[in-house]
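Visitor: Got a structure for you, questions after.
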Amino acid sequence: MMSVALAQYAIALHLSGLETGLVASSALVGTAVATLLVGQYVERLGRRRVLIWGALLTTATGVAYATSTHLPILVIVAFFGTVNPTSGDVSAFLPVEQAILAQQTTTENRVGTFAWFNVVGSLAGGIGALLSGSTGLIDNVGSIDRTEAIRILFAAYSLLGILSLALVLRLNASSELQPSERRTGLGESRKRVFALSALFSIDSFAGGMAVQSIIALFLFRKFDLDPAVTGAVFLGTNFASAGSFLISARLSNRFGLVNTMVFTHLPSNLLLVGVALAPGAGIAIAFLLARSMLSQMDVPPRQTLVVSVVHPEERAAAAAVTGLSRSIASSGGPSIGGALLGVGLGAPFVACAVLKSTYDVLLWGLFRKVKPR
């Protein structure tokens, strides 16, 4: 909801492209810094305490955006606040949630729990994107203009922060480590986490070359596809991806985390090449839908792998480091993908498939024998 609301707010305040980019960049840098700090110190400070701060900061962020119109204030709020300009699950507090989930589960049911965690997050994100368009409806009510309608969304964001606070306060002591286990940052698993981070960076950079905006541009240019049809295609791919999370949990329990990640990824890479080479729009759409059923199956086992191959006291830090590396690496992918479209319309998809396949082979070679703790 907020990623779209911020874009609308920039237009309503007549911010230039440079000024809007400055706010977005400030938010991304602030999220990166906060993620590093949370990953390093959360176990010493306490998980519940950090999540309480996060909920309070969410509430304050909504109020600050709703009452601020000057660029310097917006940049400062973006840096210290909890909103990022992407639609992805990028949050300084996500590693804390993953560490708590890992502690509350066993090896057998952990990947299933992470699968449901991602399903709920995907559906909630879809609802948020839908609500972001409500400003047009609110704008038609009485004397409310577009700027005030956007501020209503910011107020709703603050209310969601209060709701988050109420939920966090329900967490009990079982979500925390024992005092004797608490430590700062990574320990003896540092090399393993850095290796995973390097591998995940390859995968995330490659994925950035085939994000939805690049796929949409490909469909428009090659097949002159109607925007409404393209939107329906993406709706279908998102639902297929959400459903695949649950299937991946069953596969992971039967065949292992790394095997599920690799052997669902490799066929999805081939399907992406099929999109690039498709002679018609119907075939390209069929390949996209089929790929969406496989390409995100690695998400729950990937998150489970990170928190399962380190010591319990390192889980939050490991999730923070690997998540941050993915976020940074993905930022350069769209620009490279856009440039490759000028070389050949299918070029970014082929390059993405080659890099992702390289990542799959390396991951399987390095981690297939690593046992979850």
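FYI, nothing fancy with the structure tokens labels: chains A, B, ... in order, residues from 1 per chain, ligands from 1 as they appear.
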Which segment 223-334 of chain A residues have any atom within 12 Å of an atom of segment 43-55 of chain A, and for each, what is the nearest pair of atoms with distance in Å to one decimal, counting only C-alpha atoms, rows sorted by chain and number, as CSV?
Guide:
residue,atom,partner,partner_atom,distance
A:Pro312,CA,A:Glu43,CA,10.1
A:Glu313,CA,A:Glu43,CA,7.0
A:Glu314,CA,A:Glu43,CA,8.5
A:Arg315,CA,A:Glu43,CA,9.5
A:Ala316,CA,A:Glu43,CA,7.8
A:Ala317,CA,A:Glu43,CA,8.8
Visitor: Please produce an output containing C-alpha atoms for each residue in the selection, written as a PDB file, in the first residue's frame.
Guide:
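Contents of again-v2.pdb, freshly written:
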ATOM      1  CA  PRO A 312      20.083 -20.384  17.351  1.00  0.00           C
ATOM      2  CA  GLU A 313      21.773 -17.236  18.641  1.00  0.00           C
ATOM      3  CA  GLU A 314      22.954 -16.422  15.089  1.00  0.00           C
ATOM      4  CA  ARG A 315      19.615 -16.804  13.310  1.00  0.00           C
ATOM      5  CA  ALA A 316      18.521 -13.170  13.294  1.00  0.00           C
ATOM      6  CA  ALA A 317      21.955 -11.981  12.201  1.00  0.00           C
TER       7      ALA A 317
END
Visitor: Of the candidates A:Leu15, A:Ile202, A:Val42, A:Leu94, which shows the shortest atom-to-atom distance to Ser331 of chain A, using only C-alpha atoms?
Guide: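 Result for the nearest residue to Ser331 of chain A: A:Ile202.
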Visitor: Would you compute the distance between atom CA of Leu196 of chain A and atom CA of Ser244 of chain A? Give it in Å to one decimal.
Guide: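 Going from atom CA of Leu196 of chain A over to atom CA of Ser244 of chain A, I get 22.9 Å.
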Visitor: Have a look at A:Val361, A:Val168, A:Leu28, A:Leu305 and name the one nearest to Val96 of chain A; count only C-alpha atoms.
Guide: A:Val168
Visitor: Leaving out Ala290 of chain A and any residue of its chain fewer than 6 positions from it, which residues lie within 12 Å of it when counting only C-alpha atoms, given as a PDB file with N, CA and C atoms, in the first residue's frame?
Guide:
ATOM      1  N   VAL A 233      -2.404 -11.334 -16.516  1.00  0.00           N
ATOM      2  CA  VAL A 233      -1.338 -12.344 -16.509  1.00  0.00           C
ATOM      3  C   VAL A 233      -0.564 -12.286 -15.201  1.00  0.00           C
ATOM      4  N   GLY A 236      -2.426 -13.709 -12.337  1.00  0.00           N
ATOM      5  CA  GLY A 236      -2.341 -15.168 -12.352  1.00  0.00           C
ATOM      6  C   GLY A 236      -1.004 -15.686 -11.864  1.00  0.00           C
ATOM      7  N   THR A 237       0.090 -15.027 -12.252  1.00  0.00           N
ATOM      8  CA  THR A 237       1.412 -15.477 -11.807  1.00  0.00           C
ATOM      9  C   THR A 237       1.585 -15.298 -10.302  1.00  0.00           C
ATOM     10  N   ASN A 238       1.028 -14.216  -9.743  1.00  0.00           N
ATOM     11  CA  ASN A 238       1.142 -13.995  -8.296  1.00  0.00           C
ATOM     12  C   ASN A 238       0.379 -15.051  -7.504  1.00  0.00           C
ATOM     13  N   PHE A 239      -0.821 -15.394  -7.954  1.00  0.00           N
ATOM     14  CA  PHE A 239      -1.587 -16.431  -7.268  1.00  0.00           C
ATOM     15  C   PHE A 239      -0.896 -17.786  -7.385  1.00  0.00           C
ATOM     16  N   ALA A 240      -0.337 -18.066  -8.559  1.00  0.00           N
ATOM     17  CA  ALA A 240       0.362 -19.336  -8.745  1.00  0.00           C
ATOM     18  C   ALA A 240       1.583 -19.424  -7.834  1.00  0.00           C
ATOM     19  N   SER A 241       2.303 -18.313  -7.698  1.00  0.00           N
ATOM     20  CA  SER A 241       3.480 -18.300  -6.827  1.00  0.00           C
ATOM     21  C   SER A 241       3.092 -18.525  -5.377  1.00  0.00           C
ATOM     22  N   SER A 244       2.405 -22.089  -4.803  1.00  0.00           N
ATOM     23  CA  SER A 244       3.595 -22.941  -4.889  1.00  0.00           C
ATOM     24  C   SER A 244       4.361 -22.999  -3.575  1.00  0.00           C
ATOM     25  N   THR A 264      13.615 -27.335  -8.521  1.00  0.00           N
ATOM     26  CA  THR A 264      12.455 -26.584  -9.003  1.00  0.00           C
ATOM     27  C   THR A 264      12.906 -25.330  -9.749  1.00  0.00           C
ATOM     28  N   HIS A 265      14.074 -24.830  -9.402  1.00  0.00           N
ATOM     29  CA  HIS A 265      14.613 -23.639 -10.038  1.00  0.00           C
ATOM     30  C   HIS A 265      15.065 -23.910 -11.465  1.00  0.00           C
ATOM     31  N   PRO A 267      14.147 -26.091 -13.869  1.00  0.00           N
ATOM     32  CA  PRO A 267      13.088 -26.082 -14.897  1.00  0.00           C
ATOM     33  C   PRO A 267      12.474 -24.701 -15.107  1.00  0.00           C
ATOM     34  N   SER A 268      12.370 -23.917 -14.045  1.00  0.00           N
ATOM     35  CA  SER A 268      11.811 -22.566 -14.209  1.00  0.00           C
ATOM     36  C   SER A 268      12.728 -21.697 -15.062  1.00  0.00           C
ATOM     37  N   ASN A 269      14.046 -21.934 -14.983  1.00  0.00           N
ATOM     38  CA  ASN A 269      14.988 -21.204 -15.834  1.00  0.00           C
ATOM     39  C   ASN A 269      14.779 -21.546 -17.302  1.00  0.00           C
ATOM     40  N   LEU A 270      14.553 -22.824 -17.580  1.00  0.00           N
ATOM     41  CA  LEU A 270      14.284 -23.243 -18.964  1.00  0.00           C
ATOM     42  C   LEU A 270      12.986 -22.616 -19.480  1.00  0.00           C
ATOM     43  N   LEU A 271      11.987 -22.528 -18.617  1.00  0.00           N
ATOM     44  CA  LEU A 271      10.719 -21.910 -19.020  1.00  0.00           C
ATOM     45  C   LEU A 271      10.904 -20.426 -19.320  1.00  0.00           C
ATOM     46  N   LEU A 272      11.806 -19.766 -18.595  1.00  0.00           N
ATOM     47  CA  LEU A 272      12.079 -18.360 -18.867  1.00  0.00           C
ATOM     48  C   LEU A 272      12.729 -18.192 -20.240  1.00  0.00           C
ATOM     49  N   GLY A 274      12.121 -20.170 -22.640  1.00  0.00           N
ATOM     50  CA  GLY A 274      10.988 -20.401 -23.524  1.00  0.00           C
ATOM     51  C   GLY A 274      10.185 -19.134 -23.759  1.00  0.00           C
ATOM     52  N   VAL A 275      10.043 -18.299 -22.727  1.00  0.00           N
ATOM     53  CA  VAL A 275       9.360 -17.015 -22.892  1.00  0.00           C
ATOM     54  C   VAL A 275      10.090 -16.154 -23.916  1.00  0.00           C
ATOM     55  N   ILE A 283       1.758 -18.551 -26.254  1.00  0.00           N
ATOM     56  CA  ILE A 283       2.803 -19.470 -25.784  1.00  0.00           C
ATOM     57  C   ILE A 283       3.657 -18.797 -24.713  1.00  0.00           C
ATOM     58  N   ALA A 284       4.008 -17.518 -24.917  1.00  0.00           N
ATOM     59  CA  ALA A 284       4.809 -16.800 -23.929  1.00  0.00           C
ATOM     60  C   ALA A 284       4.084 -16.718 -22.587  1.00  0.00           C
ATOM     61  N   GLN A 296       9.205 -19.549  -7.520  1.00  0.00           N
ATOM     62  CA  GLN A 296       9.198 -19.082  -6.132  1.00  0.00           C
ATOM     63  C   GLN A 296       9.150 -20.227  -5.118  1.00  0.00           C
TER      64      GLN A 296
END
Visitor: Identify, on the basis of only C-alpha atoms, every residue whose closest approach to Tyr65 of chain A does not exceed 8 Å; exclude the query and any residue fewer than 5 positions from it along the same chain; express the result as number ranges by chain.
Guide: A: 74, 77, 151, 154
Visitor: In Å, rounded to a single decimal, give me how far atom CA of Ile76 of chain A is from atom CA of Ala32 of chain A.
Guide: 14.7 Å
Visitor: Go through A:Leu169, A:Leu363, A:Val38, A:Ala347 and flag the residue nearest Leu277 of chain A, using only C-alpha atoms for the distances.
Guide: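 Distance minimum relative to Leu277 of chain A lands on A:Ala347.
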Visitor: Using Å and a single decimal, report how far atom CA of Thr358 of chain A sits from atom CA of Leu199 of chain A.
Guide: 9.4 Å
Visitor: Given the choices A:Ser197, A:Ser174, A:Ser292, A:Thr304, which gets closest to Gly323 of chain A if the distance is worked out from only C-alpha atoms?
Guide: A:Ser197
Visitor: Residues near Val119 of chain A, anyone? I mean within 10 Å using only C-alpha atoms, not counting same-chain ones fewer than 2 positions away, as JSON, numbers by chain.
Guide: {"A": [113, 114, 115, 116, 117, 121, 122, 123, 124, 125, 239, 241, 242, 243, 244, 245, 246, 300]}
Visitor: For C-alpha atoms, I'd like the residues from the last selection saved as a compact mmCIF listing (two decimals), in the first residue's frame.
Guide:
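What follows is the written file selection_9.txt:
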# COMPACT_ATOMS: atom_id res chain seq x y z
CA THR A 113 5.61 -22.73 8.78
CA PHE A 114 7.76 -20.53 6.57
CA ALA A 115 5.59 -21.47 3.59
CA TRP A 116 2.44 -20.21 5.33
CA PHE A 117 4.37 -17.15 6.50
CA GLY A 121 2.54 -12.06 3.39
CA SER A 122 1.86 -12.33 -0.35
CA LEU A 123 -1.91 -12.13 0.09
CA ALA A 124 -1.61 -9.19 2.49
CA GLY A 125 0.67 -7.42 0.01
CA PHE A 239 -1.59 -16.43 -7.27
CA SER A 241 3.48 -18.30 -6.83
CA ALA A 242 1.56 -18.07 -3.55
CA GLY A 243 0.16 -21.57 -4.04
CA SER A 244 3.60 -22.94 -4.89
CA PHE A 245 4.87 -22.01 -1.42
CA LEU A 246 2.74 -24.75 0.13
CA PRO A 300 10.38 -21.11 2.03
Visitor: List as a PyMOL selection string the protein and nucleic acid residues near Thr31 of chain A, meaning an atom at most 10 Å away when only C-alpha atoms are counted, but skip any in the same chain fewer than 4 places from it.
Guide: chain A and resi 25-27+35-37+78-84+90-93+324
